[in-house]
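Data first, discussion second: the structure below is written as structure tokens.
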Amino acid sequence: MNLPPAGQAGATESHPPHGTGFTHFANLVAHLAGRPVVFTLCCAIIVLWAVSGPVFRYSDSWQLIINTGTTIITFLMVFLIQNTQNRDGAAMQAKLDELIRVTRAAHDALIRSEDLSEAQLEEIREHCDEPGNDDRPPHSPPHSPPNAT
């Protein structure tokens, strides 16, 4: 993977990130779904559906339309939002790992800590929460800066 040189940003509006068509689509849908106009449009659809109830005599078909529509949209949105959240979480973790790597006083044991078991994480949390404890977490290797020679 080619990272930009230190001090230079990655993807910008003029240089969008590379990704699959699905990634681009998931980002676009997640971005649009969070806008107030989309929420207003969804509310308007629900109001129109509710107002049309007497016209359709509150039939089973009338109820089936909204139930089916909302179920399909919800089902698809779960996967799109999960995809977006997974990538956002991975990007955030990579950024935090990089900060730990370049910070001289940081504990190397915390790098990739998202892969530790609950028991291991709890042990590190307890160690870090002890008053006046500035030592390394348990089983932490000595820190070596990335450019040490």
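Ligands are numbered from 1 in the order shown, chains are lettered A, B, ... in the order of the structure tokens, and residues start at 1 in each chain.
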Residues at most 9 Å from segment 41-56 of chain A, counting only C-alpha atoms, excluding those fewer than 6 positions away in the same chain, as a ChimeraX atom specification?
/A:62-63,65-66
Using C-alpha atoms, can you export the residues from the last selection as an mmCIF file, in the first residue's frame?
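Dumped everything to selection32.cif:
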```cif
data_model
loop_
_atom_site.group_PDB
_atom_site.id
_atom_site.type_symbol
_atom_site.label_atom_id
_atom_site.label_comp_id
_atom_site.auth_asym_id
_atom_site.auth_seq_id
_atom_site.Cartn_x
_atom_site.Cartn_y
_atom_site.Cartn_z
ATOM 1 C CA TRP A 62 -52.603 -0.959 1.643
ATOM 2 C CA GLN A 63 -50.839 -2.213 4.790
ATOM 3 C CA ILE A 65 -47.287 -1.734 0.685
ATOM 4 C CA ILE A 66 -45.793 0.154 3.625
#
```
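For the pair atom CA of Cys128 of chain A and atom CA of Ala91 of chain A, the separation is 24.6 Å.
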Please provide as a PyMOL selection string all residues within 12 Å of Gln82 of chain A, with the sequence filter that same-chain residues fewer than 6 positions apart are discarded (counting only C-alpha atoms).
chain A and resi 23+26-27+29-30+75-76+88-89
Write the residues you've just listed into a file as a PDB file, in the first residue's frame, and include N, CA and C atoms for each of them.
```
ATOM      1  N   THR A  23     -18.239   0.304  -2.641  1.00  0.00           N
ATOM      2  CA  THR A  23     -17.762   1.229  -1.619  1.00  0.00           C
ATOM      3  C   THR A  23     -18.242   2.639  -1.920  1.00  0.00           C
ATOM      4  N   ALA A  26     -22.027   2.721  -1.318  1.00  0.00           N
ATOM      5  CA  ALA A  26     -22.343   2.682   0.115  1.00  0.00           C
ATOM      6  C   ALA A  26     -22.069   4.028   0.768  1.00  0.00           C
ATOM      7  N   ASN A  27     -20.946   4.652   0.419  1.00  0.00           N
ATOM      8  CA  ASN A  27     -20.639   5.983   0.960  1.00  0.00           C
ATOM      9  C   ASN A  27     -21.680   7.005   0.542  1.00  0.00           C
ATOM     10  N   VAL A  29     -24.859   6.516  -0.464  1.00  0.00           N
ATOM     11  CA  VAL A  29     -26.155   6.269   0.168  1.00  0.00           C
ATOM     12  C   VAL A  29     -26.119   6.660   1.643  1.00  0.00           C
ATOM     13  N   ALA A  30     -25.058   6.291   2.356  1.00  0.00           N
ATOM     14  CA  ALA A  30     -24.951   6.643   3.775  1.00  0.00           C
ATOM     15  C   ALA A  30     -24.928   8.152   3.953  1.00  0.00           C
ATOM     16  N   PHE A  75     -33.703  -3.474   5.490  1.00  0.00           N
ATOM     17  CA  PHE A  75     -32.803  -4.598   5.269  1.00  0.00           C
ATOM     18  C   PHE A  75     -31.564  -4.162   4.484  1.00  0.00           C
ATOM     19  N   LEU A  76     -31.769  -3.427   3.406  1.00  0.00           N
ATOM     20  CA  LEU A  76     -30.638  -2.989   2.585  1.00  0.00           C
ATOM     21  C   LEU A  76     -29.779  -1.945   3.303  1.00  0.00           C
ATOM     22  N   ASP A  88     -15.021   2.922   8.337  1.00  0.00           N
ATOM     23  CA  ASP A  88     -14.707   4.054   9.213  1.00  0.00           C
ATOM     24  C   ASP A  88     -13.955   3.583  10.464  1.00  0.00           C
ATOM     25  N   GLY A  89     -14.410   2.464  11.039  1.00  0.00           N
ATOM     26  CA  GLY A  89     -13.744   1.920  12.224  1.00  0.00           C
ATOM     27  C   GLY A  89     -12.327   1.475  11.915  1.00  0.00           C
TER      28      GLY A  89
END
```
Using DSSP on the backbone, list every residue of segment 36-140 of chain A that comes out as alpha helix (DSSP H), and give them as a ChimeraX atom specification.
/A:36-51,60-102,118-129
Serialized selection, C-alpha atoms, as a PDB file, in the first residue's frame:
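What follows is the written file result_10.pdb:
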```
ATOM      1  CA  PRO A  36     -32.580  16.282   6.646  1.00  0.00           C
ATOM      2  CA  VAL A  37     -34.263  16.414   3.235  1.00  0.00           C
ATOM      3  CA  VAL A  38     -34.264  12.595   3.028  1.00  0.00           C
ATOM      4  CA  PHE A  39     -35.826  12.353   6.479  1.00  0.00           C
ATOM      5  CA  THR A  40     -38.484  14.896   5.459  1.00  0.00           C
ATOM      6  CA  LEU A  41     -39.180  12.952   2.267  1.00  0.00           C
ATOM      7  CA  CYS A  42     -39.611   9.717   4.237  1.00  0.00           C
ATOM      8  CA  CYS A  43     -41.992  11.435   6.657  1.00  0.00           C
ATOM      9  CA  ALA A  44     -43.994  12.802   3.702  1.00  0.00           C
ATOM     10  CA  ILE A  45     -44.293   9.297   2.222  1.00  0.00           C
ATOM     11  CA  ILE A  46     -45.608   7.966   5.546  1.00  0.00           C
ATOM     12  CA  VAL A  47     -48.135  10.818   5.790  1.00  0.00           C
ATOM     13  CA  LEU A  48     -49.312  10.221   2.198  1.00  0.00           C
ATOM     14  CA  TRP A  49     -49.647   6.520   2.920  1.00  0.00           C
ATOM     15  CA  ALA A  50     -51.626   7.191   6.119  1.00  0.00           C
ATOM     16  CA  VAL A  51     -53.896   9.724   4.401  1.00  0.00           C
ATOM     17  CA  ASP A  60     -54.458  -5.660   3.559  1.00  0.00           C
ATOM     18  CA  SER A  61     -52.819  -4.520   0.309  1.00  0.00           C
ATOM     19  CA  TRP A  62     -52.603  -0.959   1.643  1.00  0.00           C
ATOM     20  CA  GLN A  63     -50.839  -2.213   4.790  1.00  0.00           C
ATOM     21  CA  LEU A  64     -48.656  -4.596   2.803  1.00  0.00           C
ATOM     22  CA  ILE A  65     -47.287  -1.734   0.685  1.00  0.00           C
ATOM     23  CA  ILE A  66     -45.793   0.154   3.625  1.00  0.00           C
ATOM     24  CA  ASN A  67     -44.684  -2.995   5.455  1.00  0.00           C
ATOM     25  CA  THR A  68     -42.903  -4.413   2.425  1.00  0.00           C
ATOM     26  CA  GLY A  69     -41.354  -1.091   1.412  1.00  0.00           C
ATOM     27  CA  THR A  70     -39.992  -0.266   4.849  1.00  0.00           C
ATOM     28  CA  THR A  71     -38.741  -3.816   5.401  1.00  0.00           C
ATOM     29  CA  ILE A  72     -36.799  -3.868   2.137  1.00  0.00           C
ATOM     30  CA  ILE A  73     -35.297  -0.427   2.717  1.00  0.00           C
ATOM     31  CA  THR A  74     -34.342  -1.283   6.301  1.00  0.00           C
ATOM     32  CA  PHE A  75     -32.803  -4.598   5.269  1.00  0.00           C
ATOM     33  CA  LEU A  76     -30.638  -2.989   2.585  1.00  0.00           C
ATOM     34  CA  MET A  77     -29.669   0.015   4.722  1.00  0.00           C
ATOM     35  CA  VAL A  78     -28.378  -2.246   7.500  1.00  0.00           C
ATOM     36  CA  PHE A  79     -25.757  -3.698   5.152  1.00  0.00           C
ATOM     37  CA  LEU A  80     -24.824  -0.367   3.583  1.00  0.00           C
ATOM     38  CA  ILE A  81     -24.424   1.332   6.945  1.00  0.00           C
ATOM     39  CA  GLN A  82     -22.503  -1.647   8.365  1.00  0.00           C
ATOM     40  CA  ASN A  83     -20.109  -1.503   5.405  1.00  0.00           C
ATOM     41  CA  THR A  84     -19.549   2.205   5.962  1.00  0.00           C
ATOM     42  CA  GLN A  85     -19.086   1.732   9.728  1.00  0.00           C
ATOM     43  CA  ASN A  86     -16.608  -1.120   9.205  1.00  0.00           C
ATOM     44  CA  ARG A  87     -14.442   1.009   6.933  1.00  0.00           C
ATOM     45  CA  ASP A  88     -14.707   4.054   9.213  1.00  0.00           C
ATOM     46  CA  GLY A  89     -13.744   1.920  12.224  1.00  0.00           C
ATOM     47  CA  ALA A  90     -10.800   0.356  10.393  1.00  0.00           C
ATOM     48  CA  ALA A  91      -9.575   3.777   9.247  1.00  0.00           C
ATOM     49  CA  MET A  92      -9.868   5.179  12.785  1.00  0.00           C
ATOM     50  CA  GLN A  93      -8.002   2.193  14.216  1.00  0.00           C
ATOM     51  CA  ALA A  94      -5.210   2.596  11.641  1.00  0.00           C
ATOM     52  CA  LYS A  95      -4.888   6.273  12.579  1.00  0.00           C
ATOM     53  CA  LEU A  96      -4.741   5.461  16.290  1.00  0.00           C
ATOM     54  CA  ASP A  97      -2.174   2.704  15.694  1.00  0.00           C
ATOM     55  CA  GLU A  98      -0.012   5.160  13.763  1.00  0.00           C
ATOM     56  CA  LEU A  99      -0.219   7.690  16.601  1.00  0.00           C
ATOM     57  CA  ILE A 100       0.822   5.003  19.089  1.00  0.00           C
ATOM     58  CA  ARG A 101       3.757   3.983  16.847  1.00  0.00           C
ATOM     59  CA  VAL A 102       5.145   7.513  16.580  1.00  0.00           C
ATOM     60  CA  GLU A 118     -12.061  -9.206  26.536  1.00  0.00           C
ATOM     61  CA  ALA A 119      -9.936 -10.537  29.407  1.00  0.00           C
ATOM     62  CA  GLN A 120      -6.737  -9.067  27.925  1.00  0.00           C
ATOM     63  CA  LEU A 121      -8.427  -5.706  27.327  1.00  0.00           C
ATOM     64  CA  GLU A 122      -9.787  -5.676  30.885  1.00  0.00           C
ATOM     65  CA  GLU A 123      -6.285  -6.395  32.249  1.00  0.00           C
ATOM     66  CA  ILE A 124      -4.872  -3.448  30.279  1.00  0.00           C
ATOM     67  CA  ARG A 125      -7.747  -1.173  31.386  1.00  0.00           C
ATOM     68  CA  GLU A 126      -7.219  -2.087  35.043  1.00  0.00           C
ATOM     69  CA  HIS A 127      -3.491  -1.504  34.732  1.00  0.00           C
ATOM     70  CA  CYS A 128      -4.005   1.901  33.092  1.00  0.00           C
ATOM     71  CA  ASP A 129      -6.636   2.925  35.663  1.00  0.00           C
TER      72      ASP A 129
END
```
